[in-house]
file query_9.csv (CSV, C-alpha atoms)
chain,number,residue,atom,x,y,z
Z,619,ASP,CA,-2.5,13.8,-6.3
Z,620,ALA,CA,0.0,11.0,-5.5
Z,621,MET,CA,-1.7,7.7,-5.9
Z,622,VAL,CA,-1.6,4.1,-6.8
Z,623,ILE,CA,-3.2,3.3,-10.2
Z,624,GLN,CA,-4.3,0.0,-11.5
Z,625,ASN,CA,-5.3,-0.9,-15.0
Z,626,PRO,CA,-7.6,-2.3,-16.1
Z,627,ARG,CA,-10.3,-2.1,-13.4
Z,628,TYR,CA,-12.1,-5.1,-14.9
Z,629,GLN,CA,-10.4,-7.9,-16.9
Z,630,VAL,CA,-12.1,-10.9,-18.5
Z,631,THR,CA,-9.9,-13.7,-19.8
Z,632,GLN,CA,-10.4,-17.2,-21.0
Z,633,PHE,CA,-9.3,-20.3,-19.1
Z,634,GLY,CA,-5.6,-20.8,-19.9
Z,635,LYS,CA,-5.1,-17.5,-21.7
Z,636,PRO,CA,-2.3,-15.4,-20.3
Z,637,VAL,CA,-3.2,-12.1,-18.8
Z,638,THR,CA,-1.2,-9.1,-17.4
Z,639,LEU,CA,-2.4,-6.7,-14.8
Z,640,SER,CA,-0.6,-3.4,-14.3
Z,641,CYS,CA,0.1,-1.1,-11.4
Z,642,SER,CA,1.7,2.3,-11.3
Z,643,GLN,CA,2.5,4.7,-8.4
Z,644,THR,CA,3.4,8.3,-8.1
Z,645,LEU,CA,4.3,8.0,-4.4
Z,646,ASN,CA,7.9,7.0,-5.1
Z,647,HIS,CA,7.7,4.2,-2.5
Z,648,ASN,CA,10.4,1.5,-2.3
Z,649,VAL,CA,8.0,-1.4,-1.7
Z,650,MET,CA,5.3,-2.6,-4.0
Z,651,TYR,CA,2.9,-5.5,-3.2
Z,652,TRP,CA,0.5,-7.7,-5.1
Z,653,TYR,CA,-2.4,-9.2,-3.2
Z,654,GLN,CA,-5.2,-11.5,-4.3
Z,655,GLN,CA,-8.6,-11.0,-2.6
Z,656,LYS,CA,-11.5,-13.4,-3.0
Z,657,SER,CA,-15.0,-12.6,-1.9
Z,658,SER,CA,-15.4,-12.1,1.9
Z,659,GLN,CA,-11.7,-13.0,2.5
Z,660,ALA,CA,-8.6,-11.2,3.6
Z,661,PRO,CA,-6.2,-9.9,1.0
Z,662,LYS,CA,-3.6,-12.6,0.5
Z,663,LEU,CA,-0.1,-11.5,-0.3
Z,664,LEU,CA,1.3,-13.0,-3.5
Z,665,PHE,CA,4.7,-11.2,-3.6
Z,666,HIS,CA,6.4,-8.0,-3.0
Z,667,TYR,CA,9.4,-6.0,-4.2
Z,668,TYR,CA,11.7,-4.0,-2.0
Z,669,ASP,CA,13.2,-1.8,-4.7
Z,670,LYS,CA,14.2,-4.4,-7.3
Z,671,ASP,CA,14.5,-7.3,-4.8
Z,672,PHE,CA,11.7,-9.7,-5.4
Z,673,ASN,CA,10.1,-11.7,-2.5
Z,674,ASN,CA,7.8,-14.5,-3.4
Z,675,GLU,CA,5.4,-15.8,-0.7
Z,676,ALA,CA,6.0,-19.6,-0.2
Z,677,ASP,CA,2.4,-20.5,-1.2
Z,678,THR,CA,2.1,-18.3,-4.3
Z,679,PRO,CA,1.5,-20.6,-7.3
Z,680,ASP,CA,4.1,-20.8,-10.0
Z,681,ASN,CA,1.4,-19.6,-12.4
Z,682,PHE,CA,1.8,-16.1,-11.0
Z,683,GLN,CA,4.8,-14.0,-12.0
Z,684,SER,CA,5.7,-10.4,-11.5
Z,685,ARG,CA,7.9,-7.8,-13.1
Z,686,ARG,CA,9.0,-4.4,-11.8
Z,687,PRO,CA,10.9,-2.6,-14.6
Z,688,ASN,CA,11.3,0.6,-12.5
Z,689,THR,CA,10.2,2.3,-9.3
Z,690,SER,CA,6.9,3.4,-10.6
Z,691,PHE,CA,5.5,0.3,-12.4
Z,692,CYS,CA,4.8,-3.3,-11.4
Z,693,PHE,CA,3.1,-6.0,-13.4
Z,694,LEU,CA,1.3,-9.2,-12.4
Z,695,ASP,CA,1.4,-12.0,-15.0
Z,696,ILE,CA,-0.9,-15.0,-14.8
Z,697,ARG,CA,0.5,-17.5,-17.2
Z,698,SER,CA,-2.5,-19.9,-17.4
Z,699,PRO,CA,-5.4,-18.6,-15.5
Z,700,GLY,CA,-7.8,-21.1,-14.0
Z,701,LEU,CA,-11.3,-20.6,-12.7
Z,702,GLY,CA,-9.9,-20.5,-9.2
Z,703,ASP,CA,-7.8,-17.4,-10.1
Z,704,ALA,CA,-10.9,-15.3,-10.5
Z,705,ALA,CA,-10.5,-12.6,-7.8
Z,706,MET,CA,-9.8,-9.0,-7.1
Z,707,TYR,CA,-6.1,-8.2,-7.5
Z,708,LEU,CA,-4.8,-5.4,-5.3
Z,709,CYS,CA,-1.5,-3.5,-5.7
Z,710,ALA,CA,-0.1,-1.6,-2.8
Z,711,THR,CA,3.0,0.4,-1.8
Z,712,SER,CA,4.7,1.4,1.4
Z,713,ARG,CA,7.8,3.1,2.8
Z,714,PRO,CA,9.8,0.8,5.0
Z,715,GLY,CA,11.1,2.3,8.1
Z,716,GLN,CA,8.8,5.3,7.7
Z,717,GLY,CA,5.5,3.7,8.4
Z,718,ALA,CA,5.5,0.4,6.5
Z,719,TYR,CA,2.4,-0.4,8.6
Z,720,GLU,CA,0.6,2.0,6.2
Z,721,GLN,CA,0.1,0.4,2.8
Z,722,TYR,CA,-1.4,2.5,0.1
Z,723,PHE,CA,-3.7,0.5,-2.1
Z,724,GLY,CA,-4.9,0.9,-5.6
Z,725,PRO,CA,-8.6,0.4,-6.5
Z,726,GLY,CA,-7.9,-3.2,-7.7
Z,727,THR,CA,-8.5,-5.1,-10.8
Z,728,ARG,CA,-11.4,-7.6,-10.8
Z,729,LEU,CA,-10.4,-10.6,-12.9
Z,730,THR,CA,-13.0,-12.9,-14.3
Z,731,VAL,CA,-12.0,-16.2,-15.9
Z,732,THR,CA,-14.5,-17.8,-18.4
F,233,GLN,CA,-5.7,-21.8,14.3
F,234,LYS,CA,-5.5,-19.0,11.9
F,235,GLU,CA,-2.9,-16.3,12.6
F,236,VAL,CA,-5.5,-13.5,12.8
F,237,GLU,CA,-9.2,-14.1,13.4
F,238,GLN,CA,-12.1,-11.7,13.0
F,239,ASP,CA,-15.8,-12.0,13.2
F,240,PRO,CA,-16.9,-12.0,9.5
F,241,GLY,CA,-20.3,-10.4,10.1
F,242,PRO,CA,-22.2,-9.0,8.4
F,243,LEU,CA,-23.0,-6.6,11.2
F,244,SER,CA,-26.0,-4.3,10.8
F,245,VAL,CA,-26.6,-1.5,13.3
F,246,PRO,CA,-28.9,1.6,13.3
F,247,GLU,CA,-27.4,5.0,12.7
F,248,GLY,CA,-26.0,6.5,15.8
F,249,ALA,CA,-25.1,3.2,17.4
F,250,ILE,CA,-21.8,2.3,19.0
F,251,VAL,CA,-20.0,-0.4,17.0
F,252,SER,CA,-17.4,-2.7,18.3
F,253,LEU,CA,-15.2,-4.7,15.9
F,254,ASN,CA,-12.6,-7.2,17.2
F,255,CYS,CA,-9.7,-9.3,16.2
F,256,THR,CA,-7.7,-11.9,18.0
F,257,TYR,CA,-4.2,-13.1,17.0
F,258,SER,CA,-1.7,-15.8,17.8
F,259,ASN,CA,1.7,-14.3,17.0
F,260,SER,CA,3.1,-12.5,20.1
F,261,ALA,CA,5.7,-10.8,18.0
F,262,PHE,CA,3.2,-8.4,16.4
F,263,GLN,CA,3.9,-4.8,17.5
F,264,TYR,CA,2.0,-2.7,15.0
F,265,PHE,CA,-1.8,-3.0,14.8
F,266,MET,CA,-3.8,-1.4,12.1
F,267,TRP,CA,-7.4,-1.0,11.1
F,268,TYR,CA,-8.2,-0.7,7.4
F,269,ARG,CA,-11.5,0.3,5.9
F,270,GLN,CA,-12.5,-1.1,2.5
F,271,TYR,CA,-15.5,0.3,0.6
F,272,SER,CA,-17.2,-1.9,-2.0
F,273,ARG,CA,-15.1,-2.2,-5.2
F,274,LYS,CA,-12.2,-0.1,-3.7
F,275,GLY,CA,-8.9,-1.0,-2.2
F,276,PRO,CA,-8.4,-0.9,1.6
F,277,GLU,CA,-7.3,2.4,3.2
F,278,LEU,CA,-5.6,2.9,6.6
F,279,LEU,CA,-8.0,4.1,9.2
F,280,MET,CA,-5.9,3.9,12.4
F,281,TYR,CA,-2.8,2.3,13.7
F,282,THR,CA,-1.5,1.6,17.2
F,283,TYR,CA,2.0,0.7,18.3
F,284,SER,CA,2.1,-1.9,21.1
F,285,SER,CA,-0.6,-1.9,23.8
F,286,GLY,CA,-2.9,1.0,24.6
F,287,ASN,CA,-5.7,3.1,23.2
F,288,LYS,CA,-5.8,5.6,20.4
F,289,GLU,CA,-8.6,8.0,19.6
F,290,ASP,CA,-9.3,9.8,16.3
F,291,GLY,CA,-12.7,11.5,16.1
F,292,ARG,CA,-15.4,9.0,16.4
F,293,PHE,CA,-12.9,6.1,16.2
F,294,THR,CA,-11.1,4.5,19.0
F,295,ALA,CA,-8.5,1.6,18.6
F,296,GLN,CA,-7.6,-0.6,21.6
F,297,VAL,CA,-4.8,-3.1,21.8
F,298,ASP,CA,-4.4,-5.6,24.6
F,299,LYS,CA,-1.2,-7.6,23.9
F,300,SER,CA,-1.5,-9.7,27.0
F,301,SER,CA,-4.8,-11.1,25.6
F,302,LYS,CA,-3.8,-10.9,22.0
F,303,TYR,CA,-6.9,-8.9,21.3
F,304,ILE,CA,-7.6,-5.7,19.4
F,305,SER,CA,-10.7,-3.6,19.0
F,306,LEU,CA,-12.1,-0.8,17.0
F,307,PHE,CA,-14.9,1.3,18.4
F,308,ILE,CA,-17.0,3.6,16.2
F,309,ARG,CA,-19.2,6.1,18.1
F,310,ASP,CA,-22.3,7.7,16.6
F,311,SER,CA,-22.1,5.5,13.5
F,312,GLN,CA,-23.1,6.9,10.2
F,313,PRO,CA,-24.4,5.3,7.0
F,314,SER,CA,-21.1,6.4,5.4
F,315,ASP,CA,-19.3,4.0,7.8
F,316,SER,CA,-20.8,1.1,6.0
F,317,ALA,CA,-17.8,-0.9,4.7
F,318,THR,CA,-15.6,-3.9,5.4
F,319,TYR,CA,-13.2,-3.3,8.3
F,320,LEU,CA,-10.0,-5.3,8.2
F,321,CYS,CA,-7.6,-5.6,11.1
F,322,ALA,CA,-3.9,-5.9,10.2
F,323,MET,CA,-0.7,-6.5,12.1
F,324,SER,CA,3.0,-6.5,11.5
F,325,VAL,CA,6.1,-7.4,13.4
F,326,ASP,CA,8.0,-4.2,12.7
F,327,ASN,CA,8.0,-0.9,10.9
F,328,TYR,CA,9.4,-2.5,7.8
F,329,GLY,CA,6.2,-4.5,7.1
F,330,GLN,CA,7.6,-7.8,8.2
F,331,ASN,CA,5.0,-10.5,8.5
F,332,PHE,CA,2.2,-8.1,7.6
F,333,VAL,CA,-1.1,-10.0,8.0
F,334,PHE,CA,-4.7,-9.0,7.4
F,335,GLY,CA,-7.7,-10.4,9.2
F,336,PRO,CA,-10.6,-11.6,7.0
F,337,GLY,CA,-12.6,-8.5,7.6
F,338,THR,CA,-16.0,-7.7,9.1
F,339,ARG,CA,-18.7,-6.2,6.9
F,340,LEU,CA,-20.6,-3.4,8.6
F,341,SER,CA,-23.9,-1.9,7.5
F,342,VAL,CA,-25.2,1.2,9.3
F,343,LEU,CA,-28.8,1.7,8.5
F,344,PRO,CA,-30.3,5.2,8.3
call {"tool": "encode", "arguments": {"input": "query_9.csv", "output": "structure tokens"}}
result
Amino acid sequence: DAMVIQNPRYQVTQFGKPVTLSCSQTLNHNVMYWYQQKSSQAPKLLFHYYDKDFNNEADTPDNFQSRRPNTSFCFLDIRSPGLGDAAMYLCATSRPGQGAYEQYFGPGTRLTVT
Amino acid sequence: QKEVEQDPGPLSVPEGAIVSLNCTYSNSAFQYFMWYRQYSRKGPELLMYTYSSGNKEDGRFTAQVDKSSKYISLFIRDSQPSDSATYLCAMSVDNYGQNFVFGPGTRLSVLP
């Protein structure tokens, strides 16, 4: 089945220790998104790629970086995680012009910072 | 004022009840209105979408959009315990996902 896969599902890292979260998709969608979702809050868009074009949200901290080496994969790098970065990180994809209102989400990676 | 507002709940109803979930928004440029459902420890999934004003029905679910009032609703008839989840409204300006914004979500519990 076509899907969005995120690994790992749970990640524990230490304060200040770099961490990378990964996302892959078999939907062949042009657009990939990274969201941060804290408890009882809406998903907050961090950045998105339209093909290889990178779009950073204005309030995304510099601590967060992303890479998209090809259509299928996208990575979220947190260079120096702080306690406030503990959250669920959601990857999503969509097809612009063919229903970009529908975003397909992965199951998320829950990040704990100790 | 936040761009999209939604009652956070939690909302608890008995099985079989009619549920009404609502969102208000401030950006009159929004044209696409979506409802996503998010089960615990899962990513959101699209439940319904509506373009511009009007109603849309899909089984037990009805979405309503009133652009003049900047108000959208999701009705669930004959609610089931399996409907227990967080419901997120979302909106975008166009079909390219421009200015795609989620509401904060309402947690719904349907009690058997």
call {"tool": "residues_around", "arguments": {"input": "query_9.csv", "residues": "segment 257-264 of chain F", "least_positions_apart": "2", "cutoff": "10 Å", "atoms": "all atoms listed in the file", "output": "PyMOL selection string"}}
result
(chain Z and resi 717-719) or (chain F and resi 233-238+255+266+281-285+297+299-304+322-327+329-333+335)
call {"tool": "residues_near_point", "arguments": {"input": "query_9.csv", "point": "(-26.1, 7.1, 10.1)", "cutoff": "8 Å", "atoms": "all atoms listed in the file", "output": "list in words"}}
result
Pro246, Glu247, Gly248, Asp310, Ser311, Gln312, Pro313, Ser314, Asp315, Val342, Leu343 and Pro344 of chain F
call {"tool": "interface_residues", "arguments": {"input": "query_9.csv", "of": "chain Z", "to": "chain F", "cutoff": "7 Å", "atoms": "all atoms listed in the file", "output": "VMD selection string"}}
result
chain Z and resid 659 to 661 708 714 to 715 717 to 720 722 to 726
call {"tool": "write_last_selection", "arguments": {"input": "query_9.csv", "atoms": "C-alpha atoms", "output": "short mmCIF file (atom, residue, chain, number, x, y, z; two decimals), keeping the file's coordinate frame"}}
result
data_model
loop_
_atom_site.label_atom_id
_atom_site.label_comp_id
_atom_site.auth_asym_id
_atom_site.auth_seq_id
_atom_site.Cartn_x
_atom_site.Cartn_y
_atom_site.Cartn_z
CA GLN Z 659 -11.70 -13.00 2.50
CA ALA Z 660 -8.60 -11.20 3.60
CA PRO Z 661 -6.20 -9.90 1.00
CA LEU Z 708 -4.80 -5.40 -5.30
CA PRO Z 714 9.80 0.80 5.00
CA GLY Z 715 11.10 2.30 8.10
CA GLY Z 717 5.50 3.70 8.40
CA ALA Z 718 5.50 0.40 6.50
CA TYR Z 719 2.40 -0.40 8.60
CA GLU Z 720 0.60 2.00 6.20
CA TYR Z 722 -1.40 2.50 0.10
CA PHE Z 723 -3.70 0.50 -2.10
CA GLY Z 724 -4.90 0.90 -5.60
CA PRO Z 725 -8.60 0.40 -6.50
CA GLY Z 726 -7.90 -3.20 -7.70
#
call {"tool": "atom_distance", "arguments": {"input": "query_9.csv", "atom1": "atom CA of Leu306 of chain F", "atom2": "atom CA of Ser658 of chain Z"}}
result
19.1 Å
call {"tool": "residues_around", "arguments": {"input": "query_9.csv", "residues": "segment 628-638 of chain Z", "least_positions_apart": "5", "cutoff": "7 Å", "atoms": "only C-alpha atoms", "output": "MDAnalysis selection string"}}
result
chainID Z and resid 693:701 727:732
call {"tool": "atom_distance", "arguments": {"input": "query_9.csv", "atom1": "atom CA of Phe665 of chain Z", "atom2": "atom CA of Ala317 of chain F"}}
result
26.1 Å
call {"tool": "closest_residue", "arguments": {"input": "query_9.csv", "among": "Z:Arg627, Z:Leu639, Z:Val649, Z:Ser657", "to": "Ala705 of chain Z", "atoms": "all atoms listed in the file"}}
result
Z:Ser657
call {"tool": "atom_distance", "arguments": {"input": "query_9.csv", "atom1": "atom CA of Ser252 of chain F", "atom2": "atom CA of Arg309 of chain F"}}
result
9.0 Å
call {"tool": "decode", "arguments": {"input": "query_9.csv", "residues": "segment 295-307 of chain F", "atoms": "all heavy atoms", "output": "PDB file, in the first residue's frame"}}
result
ATOM      1  N   ALA F 295     -20.443  18.145   6.636  1.00  0.00           N
ATOM      2  CA  ALA F 295     -19.629  19.346   6.798  1.00  0.00           C
ATOM      3  C   ALA F 295     -20.411  20.532   6.272  1.00  0.00           C
ATOM      4  O   ALA F 295     -21.045  20.451   5.222  1.00  0.00           O
ATOM      5  CB  ALA F 295     -18.300  19.197   6.063  1.00  0.00           C
ATOM      6  N   GLN F 296     -20.356  21.621   7.016  1.00  0.00           N
ATOM      7  CA  GLN F 296     -21.025  22.857   6.599  1.00  0.00           C
ATOM      8  C   GLN F 296     -20.031  24.003   6.617  1.00  0.00           C
ATOM      9  O   GLN F 296     -19.198  24.096   7.527  1.00  0.00           O
ATOM     10  CB  GLN F 296     -22.176  23.201   7.568  1.00  0.00           C
ATOM     11  CG  GLN F 296     -23.390  22.342   7.427  1.00  0.00           C
ATOM     12  CD  GLN F 296     -24.542  22.833   8.303  1.00  0.00           C
ATOM     13  OE1 GLN F 296     -24.383  23.732   9.117  1.00  0.00           O
ATOM     14  NE2 GLN F 296     -25.699  22.210   8.146  1.00  0.00           N
ATOM     15  N   VAL F 297     -20.121  24.866   5.614  1.00  0.00           N
ATOM     16  CA  VAL F 297     -19.275  26.052   5.555  1.00  0.00           C
ATOM     17  C   VAL F 297     -20.161  27.270   5.343  1.00  0.00           C
ATOM     18  O   VAL F 297     -20.987  27.292   4.432  1.00  0.00           O
ATOM     19  CB  VAL F 297     -18.251  25.959   4.407  1.00  0.00           C
ATOM     20  CG1 VAL F 297     -17.460  27.257   4.288  1.00  0.00           C
ATOM     21  CG2 VAL F 297     -17.315  24.784   4.617  1.00  0.00           C
ATOM     22  N   ASP F 298     -19.982  28.269   6.179  1.00  0.00           N
ATOM     23  CA  ASP F 298     -20.666  29.555   6.022  1.00  0.00           C
ATOM     24  C   ASP F 298     -19.583  30.616   5.918  1.00  0.00           C
ATOM     25  O   ASP F 298     -19.077  31.115   6.933  1.00  0.00           O
ATOM     26  CB  ASP F 298     -21.587  29.817   7.215  1.00  0.00           C
ATOM     27  CG  ASP F 298     -22.347  31.132   7.096  1.00  0.00           C
ATOM     28  OD1 ASP F 298     -22.028  31.929   6.192  1.00  0.00           O
ATOM     29  OD2 ASP F 298     -23.258  31.358   7.896  1.00  0.00           O
ATOM     30  N   LYS F 299     -19.213  30.957   4.701  1.00  0.00           N
ATOM     31  CA  LYS F 299     -18.119  31.905   4.511  1.00  0.00           C
ATOM     32  C   LYS F 299     -18.503  33.304   4.977  1.00  0.00           C
ATOM     33  O   LYS F 299     -17.639  34.072   5.408  1.00  0.00           O
ATOM     34  CB  LYS F 299     -17.682  31.938   3.044  1.00  0.00           C
ATOM     35  CG  LYS F 299     -16.930  30.685   2.616  1.00  0.00           C
ATOM     36  CD  LYS F 299     -16.340  30.836   1.231  1.00  0.00           C
ATOM     37  CE  LYS F 299     -15.203  31.831   1.239  1.00  0.00           C
ATOM     38  NZ  LYS F 299     -14.622  32.022  -0.120  1.00  0.00           N
ATOM     39  N   SER F 300     -19.786  33.638   4.900  1.00  0.00           N
ATOM     40  CA  SER F 300     -20.185  34.987   5.314  1.00  0.00           C
ATOM     41  C   SER F 300     -19.936  35.193   6.805  1.00  0.00           C
ATOM     42  O   SER F 300     -19.625  36.297   7.248  1.00  0.00           O
ATOM     43  CB  SER F 300     -21.648  35.240   4.968  1.00  0.00           C
ATOM     44  OG  SER F 300     -22.484  34.335   5.655  1.00  0.00           O
ATOM     45  N   SER F 301     -20.067  34.107   7.563  1.00  0.00           N
ATOM     46  CA  SER F 301     -19.836  34.191   9.013  1.00  0.00           C
ATOM     47  C   SER F 301     -18.457  33.694   9.400  1.00  0.00           C
ATOM     48  O   SER F 301     -18.096  33.731  10.583  1.00  0.00           O
ATOM     49  CB  SER F 301     -20.889  33.355   9.763  1.00  0.00           C
ATOM     50  OG  SER F 301     -22.184  33.804   9.472  1.00  0.00           O
ATOM     51  N   LYS F 302     -17.707  33.198   8.424  1.00  0.00           N
ATOM     52  CA  LYS F 302     -16.378  32.621   8.679  1.00  0.00           C
ATOM     53  C   LYS F 302     -16.496  31.524   9.749  1.00  0.00           C
ATOM     54  O   LYS F 302     -15.805  31.546  10.790  1.00  0.00           O
ATOM     55  CB  LYS F 302     -15.381  33.696   9.088  1.00  0.00           C
ATOM     56  CG  LYS F 302     -15.116  34.756   8.018  1.00  0.00           C
ATOM     57  CD  LYS F 302     -13.912  35.607   8.387  1.00  0.00           C
ATOM     58  CE  LYS F 302     -13.666  36.697   7.371  1.00  0.00           C
ATOM     59  NZ  LYS F 302     -14.671  37.773   7.412  1.00  0.00           N
ATOM     60  N   TYR F 303     -17.357  30.572   9.448  1.00  0.00           N
ATOM     61  CA  TYR F 303     -17.713  29.554  10.438  1.00  0.00           C
ATOM     62  C   TYR F 303     -17.898  28.229   9.701  1.00  0.00           C
ATOM     63  O   TYR F 303     -18.592  28.173   8.690  1.00  0.00           O
ATOM     64  CB  TYR F 303     -19.027  29.987  11.092  1.00  0.00           C
ATOM     65  CG  TYR F 303     -19.481  29.200  12.281  1.00  0.00           C
ATOM     66  CD1 TYR F 303     -19.053  29.535  13.552  1.00  0.00           C
ATOM     67  CD2 TYR F 303     -20.363  28.123  12.138  1.00  0.00           C
ATOM     68  CE1 TYR F 303     -19.493  28.835  14.657  1.00  0.00           C
ATOM     69  CE2 TYR F 303     -20.806  27.411  13.237  1.00  0.00           C
ATOM     70  CZ  TYR F 303     -20.377  27.775  14.494  1.00  0.00           C
ATOM     71  OH  TYR F 303     -20.807  27.085  15.589  1.00  0.00           O
ATOM     72  N   ILE F 304     -17.249  27.166  10.218  1.00  0.00           N
ATOM     73  CA  ILE F 304     -17.456  25.852   9.628  1.00  0.00           C
ATOM     74  C   ILE F 304     -17.819  24.860  10.723  1.00  0.00           C
ATOM     75  O   ILE F 304     -17.447  25.052  11.886  1.00  0.00           O
ATOM     76  CB  ILE F 304     -16.232  25.356   8.821  1.00  0.00           C
ATOM     77  CG1 ILE F 304     -15.068  24.979   9.731  1.00  0.00           C
ATOM     78  CG2 ILE F 304     -15.778  26.416   7.827  1.00  0.00           C
ATOM     79  CD1 ILE F 304     -13.944  24.261   8.981  1.00  0.00           C
ATOM     80  N   SER F 305     -18.565  23.838  10.329  1.00  0.00           N
ATOM     81  CA  SER F 305     -19.028  22.839  11.295  1.00  0.00           C
ATOM     82  C   SER F 305     -18.886  21.440  10.719  1.00  0.00           C
ATOM     83  O   SER F 305     -18.943  21.251   9.498  1.00  0.00           O
ATOM     84  CB  SER F 305     -20.512  23.068  11.633  1.00  0.00           C
ATOM     85  OG  SER F 305     -20.732  24.329  12.198  1.00  0.00           O
ATOM     86  N   LEU F 306     -18.735  20.491  11.627  1.00  0.00           N
ATOM     87  CA  LEU F 306     -18.788  19.070  11.277  1.00  0.00           C
ATOM     88  C   LEU F 306     -19.807  18.437  12.199  1.00  0.00           C
ATOM     89  O   LEU F 306     -19.710  18.579  13.417  1.00  0.00           O
ATOM     90  CB  LEU F 306     -17.429  18.396  11.464  1.00  0.00           C
ATOM     91  CG  LEU F 306     -17.401  16.892  11.209  1.00  0.00           C
ATOM     92  CD1 LEU F 306     -17.578  16.599   9.709  1.00  0.00           C
ATOM     93  CD2 LEU F 306     -16.097  16.254  11.709  1.00  0.00           C
ATOM     94  N   PHE F 307     -20.796  17.765  11.613  1.00  0.00           N
ATOM     95  CA  PHE F 307     -21.798  17.055  12.387  1.00  0.00           C
ATOM     96  C   PHE F 307     -21.569  15.553  12.235  1.00  0.00           C
ATOM     97  O   PHE F 307     -21.339  15.066  11.123  1.00  0.00           O
ATOM     98  CB  PHE F 307     -23.212  17.418  11.919  1.00  0.00           C
ATOM     99  CG  PHE F 307     -23.549  18.870  12.111  1.00  0.00           C
ATOM    100  CD1 PHE F 307     -23.403  19.764  11.057  1.00  0.00           C
ATOM    101  CD2 PHE F 307     -23.992  19.340  13.332  1.00  0.00           C
ATOM    102  CE1 PHE F 307     -23.695  21.103  11.227  1.00  0.00           C
ATOM    103  CE2 PHE F 307     -24.294  20.679  13.503  1.00  0.00           C
ATOM    104  CZ  PHE F 307     -24.141  21.562  12.453  1.00  0.00           C
TER     105      PHE F 307
END
